[in-house]
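Structure first, commentary second.
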Amino acid sequence: MMQLVEEIKNVVDVLRKGGIILYPTDTVWGIGCDATNPEAVAKIYKLKQREDSKSMLVLIDTPGRIPSYISEMPEIAWDLIELADKPLTIIYPKAKNLASNLVAPDGSIGIRVANHEFCSKLIGRFARPIVSTSANISGKPFPKSFDEIDLAIKKGVDYVVSPEFDNPVSDKPSGIIMLGTNGEVKVIRE
């Protein structure tokens, strides 16, 4: 069995070189890269055959890192994160310190605190947010397991994390809540 520490070291090396990865998250398998590297982000859009106007979310390891990537942390966000009983992506206004092609045209960004041992340790070691988008070609159904991932995706990434680290909290995408600059809360996906 490959050790967790060794696998994380391998993945971090790929991310630091601008590579893209296929990895398990707390929901579905994701395609990821360094969320601060626009060239790496562009590779994901190309692999997914997705318009770059459709933004992707980022994963972080602890809520305390969120203020590094948005201009203002709405107070309600802390409560939402603390009370969430399933994976929750929050869309925040005014993203900063992220690849510009990752941020939505309105300046917002979706951020989720990963609740998954492998993801959390990977992000902690990498010390930067990691892009997370479902491991499918745009418009096709998202895979519920590693075996359902399209071969084009598996061959199109620079590194595939060992499926032994797959331990999802949920087998579907996260819930999504959008927070506005004036305290508005909008549920996008439950």
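Letters A, B, ... go to the chains of the structure tokens in the order shown; residues in each chain start at 1; ligands are counted from 1 in the same order.
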I'd like the neighbourhood of stretch 137-154 of chain A as a ChimeraX atom specification, where a residue qualifies if any of its atoms comes within 8 Å (using only C-alpha atoms), though same-chain residues fewer than 3 positions away should be ignored. /A:22,28-29,47-50,134,157,160,163,171-172
Keeping only N, CA, C and O atoms, write the selected residues as a short mmCIF file (atom, residue, chain, number, x, y, z; two decimals), in the first residue's frame.
```cif
data_model
loop_
_atom_site.label_atom_id
_atom_site.label_comp_id
_atom_site.auth_asym_id
_atom_site.auth_seq_id
_atom_site.Cartn_x
_atom_site.Cartn_y
_atom_site.Cartn_z
N LEU A 22 -5.72 14.36 -11.14
CA LEU A 22 -7.02 13.71 -10.96
C LEU A 22 -6.99 13.18 -9.54
O LEU A 22 -6.09 12.40 -9.19
N VAL A 28 -17.12 14.17 -5.31
CA VAL A 28 -16.78 13.33 -6.46
C VAL A 28 -15.30 13.50 -6.81
O VAL A 28 -14.64 14.40 -6.32
N TRP A 29 -14.77 12.62 -7.68
CA TRP A 29 -13.39 12.78 -8.15
C TRP A 29 -13.27 14.11 -8.87
O TRP A 29 -14.19 14.52 -9.60
N LEU A 47 -8.89 20.52 -21.12
CA LEU A 47 -9.16 19.10 -20.93
C LEU A 47 -10.66 18.83 -20.80
O LEU A 47 -11.19 17.88 -21.36
N LYS A 48 -11.36 19.69 -20.07
CA LYS A 48 -12.80 19.50 -19.87
C LYS A 48 -13.63 19.97 -21.07
O LYS A 48 -14.83 19.75 -21.10
N GLN A 49 -12.95 20.65 -22.02
CA GLN A 49 -13.65 21.23 -23.18
C GLN A 49 -14.74 22.19 -22.68
O GLN A 49 -15.88 22.13 -23.09
N ARG A 50 -14.32 23.04 -21.77
CA ARG A 50 -15.25 23.94 -21.08
C ARG A 50 -14.88 25.39 -21.36
O ARG A 50 -13.71 25.75 -21.39
N SER A 134 -15.41 18.73 -11.36
CA SER A 134 -15.72 17.31 -11.54
C SER A 134 -14.94 16.71 -12.71
O SER A 134 -14.67 17.38 -13.71
N VAL A 157 -4.53 14.15 -17.69
CA VAL A 157 -3.93 14.82 -16.53
C VAL A 157 -2.45 14.41 -16.41
O VAL A 157 -2.02 13.44 -17.01
N VAL A 160 -2.41 10.93 -11.64
CA VAL A 160 -3.64 10.33 -11.12
C VAL A 160 -3.34 9.81 -9.71
O VAL A 160 -2.48 8.96 -9.53
N PRO A 163 -6.49 5.44 -6.33
CA PRO A 163 -7.87 5.31 -5.85
C PRO A 163 -7.98 4.82 -4.41
O PRO A 163 -9.03 4.94 -3.79
N ASP A 171 -21.45 11.17 -2.58
CA ASP A 171 -21.14 10.77 -3.96
C ASP A 171 -21.77 11.71 -4.97
O ASP A 171 -21.96 11.38 -6.12
N LYS A 172 -22.11 12.92 -4.52
CA LYS A 172 -22.62 13.92 -5.46
C LYS A 172 -21.96 15.26 -5.17
O LYS A 172 -21.37 15.45 -4.11
#
```
Would you mind listing what lies within 10 Å of A:Tyr23 as a PyMOL selection string, with only C-alpha atoms counted and same-chain residues fewer than 3 positions away left out? chain A and resi 11+20+28-32+118-119+132+134-135+146+159-163+165-166
Secondary structure check, strand (DSSP E or B) residues of stretch 53-162 of chain A, as a ChimeraX atom specification: /A:57-60,70,88-92,95,109-113,130-134,159-160
Can you pull out every residue from stretch 98-129 of chain A that DSSP, working from the backbone, puts in helix (DSSP H, G or I), and format the result as a PDB file with all heavy atoms, in the first residue's frame?
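Everything below was put into out21.pdb:
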```
ATOM      1  N   SER A 100      -6.541  34.711 -12.532  1.00  0.00           N
ATOM      2  CA  SER A 100      -7.651  35.538 -13.032  1.00  0.00           C
ATOM      3  C   SER A 100      -8.639  34.729 -13.874  1.00  0.00           C
ATOM      4  O   SER A 100      -9.836  35.008 -13.865  1.00  0.00           O
ATOM      5  CB  SER A 100      -7.108  36.725 -13.834  1.00  0.00           C
ATOM      6  OG  SER A 100      -6.329  36.253 -14.919  1.00  0.00           O
ATOM      7  N   ASN A 101      -8.162  33.700 -14.590  1.00  0.00           N
ATOM      8  CA  ASN A 101      -9.067  32.901 -15.421  1.00  0.00           C
ATOM      9  C   ASN A 101      -9.867  31.888 -14.600  1.00  0.00           C
ATOM     10  O   ASN A 101     -10.668  31.139 -15.141  1.00  0.00           O
ATOM     11  CB  ASN A 101      -8.311  32.196 -16.552  1.00  0.00           C
ATOM     12  CG  ASN A 101      -7.155  31.348 -16.088  1.00  0.00           C
ATOM     13  OD1 ASN A 101      -6.677  31.469 -14.961  1.00  0.00           O
ATOM     14  ND2 ASN A 101      -6.670  30.488 -16.961  1.00  0.00           N
ATOM     15  N   LEU A 102      -9.679  31.885 -13.309  1.00  0.00           N
ATOM     16  CA  LEU A 102     -10.432  31.019 -12.407  1.00  0.00           C
ATOM     17  C   LEU A 102     -11.620  31.772 -11.807  1.00  0.00           C
ATOM     18  O   LEU A 102     -12.637  31.187 -11.463  1.00  0.00           O
ATOM     19  CB  LEU A 102      -9.504  30.542 -11.275  1.00  0.00           C
ATOM     20  CG  LEU A 102     -10.038  29.552 -10.269  1.00  0.00           C
ATOM     21  CD1 LEU A 102     -10.527  28.291 -10.958  1.00  0.00           C
ATOM     22  CD2 LEU A 102      -8.948  29.205  -9.270  1.00  0.00           C
ATOM     23  N   GLU A 117      -9.613  13.462   4.379  1.00  0.00           N
ATOM     24  CA  GLU A 117      -8.252  13.347   4.886  1.00  0.00           C
ATOM     25  C   GLU A 117      -7.197  13.635   3.826  1.00  0.00           C
ATOM     26  O   GLU A 117      -6.294  14.450   4.025  1.00  0.00           O
ATOM     27  CB  GLU A 117      -8.014  11.952   5.478  1.00  0.00           C
ATOM     28  CG  GLU A 117      -6.610  11.826   6.056  1.00  0.00           C
ATOM     29  CD  GLU A 117      -6.264  10.423   6.543  1.00  0.00           C
ATOM     30  OE1 GLU A 117      -6.894   9.445   6.101  1.00  0.00           O
ATOM     31  OE2 GLU A 117      -5.327  10.326   7.353  1.00  0.00           O
ATOM     32  N   PHE A 118      -7.301  12.968   2.675  1.00  0.00           N
ATOM     33  CA  PHE A 118      -6.288  13.155   1.639  1.00  0.00           C
ATOM     34  C   PHE A 118      -6.252  14.609   1.167  1.00  0.00           C
ATOM     35  O   PHE A 118      -5.190  15.228   1.114  1.00  0.00           O
ATOM     36  CB  PHE A 118      -6.531  12.214   0.447  1.00  0.00           C
ATOM     37  CG  PHE A 118      -5.490  12.372  -0.617  1.00  0.00           C
ATOM     38  CD1 PHE A 118      -4.272  11.715  -0.513  1.00  0.00           C
ATOM     39  CD2 PHE A 118      -5.707  13.206  -1.705  1.00  0.00           C
ATOM     40  CE1 PHE A 118      -3.290  11.897  -1.478  1.00  0.00           C
ATOM     41  CE2 PHE A 118      -4.731  13.382  -2.673  1.00  0.00           C
ATOM     42  CZ  PHE A 118      -3.522  12.722  -2.562  1.00  0.00           C
ATOM     43  N   CYS A 119      -7.414  15.166   0.821  1.00  0.00           N
ATOM     44  CA  CYS A 119      -7.470  16.553   0.323  1.00  0.00           C
ATOM     45  C   CYS A 119      -6.911  17.543   1.330  1.00  0.00           C
ATOM     46  O   CYS A 119      -6.115  18.407   0.986  1.00  0.00           O
ATOM     47  CB  CYS A 119      -8.907  16.953   0.033  1.00  0.00           C
ATOM     48  SG  CYS A 119      -9.481  16.535  -1.572  1.00  0.00           S
ATOM     49  N   SER A 120      -7.359  17.432   2.556  1.00  0.00           N
ATOM     50  CA  SER A 120      -6.917  18.384   3.583  1.00  0.00           C
ATOM     51  C   SER A 120      -5.408  18.338   3.774  1.00  0.00           C
ATOM     52  O   SER A 120      -4.745  19.372   3.843  1.00  0.00           O
ATOM     53  CB  SER A 120      -7.619  18.099   4.909  1.00  0.00           C
ATOM     54  OG  SER A 120      -8.992  18.308   4.772  1.00  0.00           O
ATOM     55  N   LYS A 121      -4.856  17.142   3.834  1.00  0.00           N
ATOM     56  CA  LYS A 121      -3.398  17.018   4.017  1.00  0.00           C
ATOM     57  C   LYS A 121      -2.645  17.514   2.781  1.00  0.00           C
ATOM     58  O   LYS A 121      -1.603  18.161   2.907  1.00  0.00           O
ATOM     59  CB  LYS A 121      -3.027  15.577   4.342  1.00  0.00           C
ATOM     60  CG  LYS A 121      -3.446  15.208   5.751  1.00  0.00           C
ATOM     61  CD  LYS A 121      -3.017  13.830   6.154  1.00  0.00           C
ATOM     62  CE  LYS A 121      -3.376  13.639   7.629  1.00  0.00           C
ATOM     63  NZ  LYS A 121      -3.125  12.346   8.135  1.00  0.00           N
ATOM     64  N   LEU A 122      -3.184  17.225   1.597  1.00  0.00           N
ATOM     65  CA  LEU A 122      -2.556  17.692   0.356  1.00  0.00           C
ATOM     66  C   LEU A 122      -2.526  19.220   0.311  1.00  0.00           C
ATOM     67  O   LEU A 122      -1.478  19.827   0.066  1.00  0.00           O
ATOM     68  CB  LEU A 122      -3.313  17.139  -0.857  1.00  0.00           C
ATOM     69  CG  LEU A 122      -2.917  17.728  -2.219  1.00  0.00           C
ATOM     70  CD1 LEU A 122      -1.460  17.425  -2.543  1.00  0.00           C
ATOM     71  CD2 LEU A 122      -3.833  17.192  -3.310  1.00  0.00           C
ATOM     72  N   ILE A 123      -3.656  19.841   0.575  1.00  0.00           N
ATOM     73  CA  ILE A 123      -3.741  21.303   0.511  1.00  0.00           C
ATOM     74  C   ILE A 123      -2.869  21.930   1.597  1.00  0.00           C
ATOM     75  O   ILE A 123      -2.178  22.918   1.353  1.00  0.00           O
ATOM     76  CB  ILE A 123      -5.207  21.768   0.618  1.00  0.00           C
ATOM     77  CG1 ILE A 123      -6.007  21.232  -0.578  1.00  0.00           C
ATOM     78  CG2 ILE A 123      -5.287  23.286   0.680  1.00  0.00           C
ATOM     79  CD1 ILE A 123      -7.516  21.243  -0.374  1.00  0.00           C
ATOM     80  N   GLY A 124      -2.872  21.337   2.785  1.00  0.00           N
ATOM     81  CA  GLY A 124      -2.019  21.845   3.860  1.00  0.00           C
ATOM     82  C   GLY A 124      -0.549  21.803   3.486  1.00  0.00           C
ATOM     83  O   GLY A 124       0.193  22.758   3.726  1.00  0.00           O
ATOM     84  N   ARG A 125      -0.131  20.720   2.876  1.00  0.00           N
ATOM     85  CA  ARG A 125       1.274  20.569   2.469  1.00  0.00           C
ATOM     86  C   ARG A 125       1.621  21.505   1.308  1.00  0.00           C
ATOM     87  O   ARG A 125       2.693  22.097   1.262  1.00  0.00           O
ATOM     88  CB  ARG A 125       1.538  19.111   2.074  1.00  0.00           C
ATOM     89  CG  ARG A 125       2.893  18.826   1.496  1.00  0.00           C
ATOM     90  CD  ARG A 125       3.945  18.604   2.582  1.00  0.00           C
ATOM     91  NE  ARG A 125       5.261  18.456   2.013  1.00  0.00           N
ATOM     92  CZ  ARG A 125       5.832  17.293   1.757  1.00  0.00           C
ATOM     93  NH1 ARG A 125       5.232  16.167   2.036  1.00  0.00           N
ATOM     94  NH2 ARG A 125       7.049  17.261   1.237  1.00  0.00           N
ATOM     95  N   PHE A 126       0.687  21.645   0.363  1.00  0.00           N
ATOM     96  CA  PHE A 126       0.899  22.514  -0.794  1.00  0.00           C
ATOM     97  C   PHE A 126       0.846  23.983  -0.386  1.00  0.00           C
ATOM     98  O   PHE A 126       1.500  24.827  -0.988  1.00  0.00           O
ATOM     99  CB  PHE A 126      -0.154  22.199  -1.869  1.00  0.00           C
ATOM    100  CG  PHE A 126       0.047  22.918  -3.165  1.00  0.00           C
ATOM    101  CD1 PHE A 126       1.262  22.877  -3.837  1.00  0.00           C
ATOM    102  CD2 PHE A 126      -0.994  23.626  -3.737  1.00  0.00           C
ATOM    103  CE1 PHE A 126       1.440  23.542  -5.038  1.00  0.00           C
ATOM    104  CE2 PHE A 126      -0.827  24.292  -4.944  1.00  0.00           C
ATOM    105  CZ  PHE A 126       0.392  24.247  -5.599  1.00  0.00           C
TER     106      PHE A 126
END
```
Selected residue, from A:Lys43, A:Arg65, A:Arg112, A:Lys96, that lies nearest to A:Ala84 when counting only C-alpha atoms: A:Arg112
When you look at A:Lys54 with a cut-off of 9 Å (counting only C-alpha atoms), what residues show up, excluding the ones that are within fewer than 5 positions of it in the same chain? I need them as a list in words. Leu102, Val103, Ala104 and Pro105 of chain A
Residues from last step as file, N, CA, C and O atoms, as a PDB file, in the first residue's frame:
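File produced: selection.pdb:
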```pdb
ATOM      1  N   LEU A 102      -9.679  31.885 -13.309  1.00  0.00           N
ATOM      2  CA  LEU A 102     -10.432  31.019 -12.407  1.00  0.00           C
ATOM      3  C   LEU A 102     -11.620  31.772 -11.807  1.00  0.00           C
ATOM      4  O   LEU A 102     -12.637  31.187 -11.463  1.00  0.00           O
ATOM      5  N   VAL A 103     -11.493  33.083 -11.742  1.00  0.00           N
ATOM      6  CA  VAL A 103     -12.496  33.937 -11.118  1.00  0.00           C
ATOM      7  C   VAL A 103     -13.633  34.207 -12.113  1.00  0.00           C
ATOM      8  O   VAL A 103     -13.387  34.435 -13.294  1.00  0.00           O
ATOM      9  N   ALA A 104     -14.875  34.168 -11.630  1.00  0.00           N
ATOM     10  CA  ALA A 104     -16.045  34.434 -12.479  1.00  0.00           C
ATOM     11  C   ALA A 104     -16.009  35.868 -13.002  1.00  0.00           C
ATOM     12  O   ALA A 104     -15.369  36.739 -12.391  1.00  0.00           O
ATOM     13  N   PRO A 105     -16.696  36.134 -14.128  1.00  0.00           N
ATOM     14  CA  PRO A 105     -16.707  37.497 -14.679  1.00  0.00           C
ATOM     15  C   PRO A 105     -17.170  38.566 -13.681  1.00  0.00           C
ATOM     16  O   PRO A 105     -16.737  39.705 -13.757  1.00  0.00           O
TER      17      PRO A 105
END
```
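Ranking A:Pro24, A:Gly64, A:Gly175, A:Gly180 by their shortest atom-to-atom distance to A:His116, with only C-alpha atoms included, puts A:Pro24 first.
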Expressed in Å, the length from atom CA of A:Asp79 to atom CA of A:Val113 is 13.2 Å
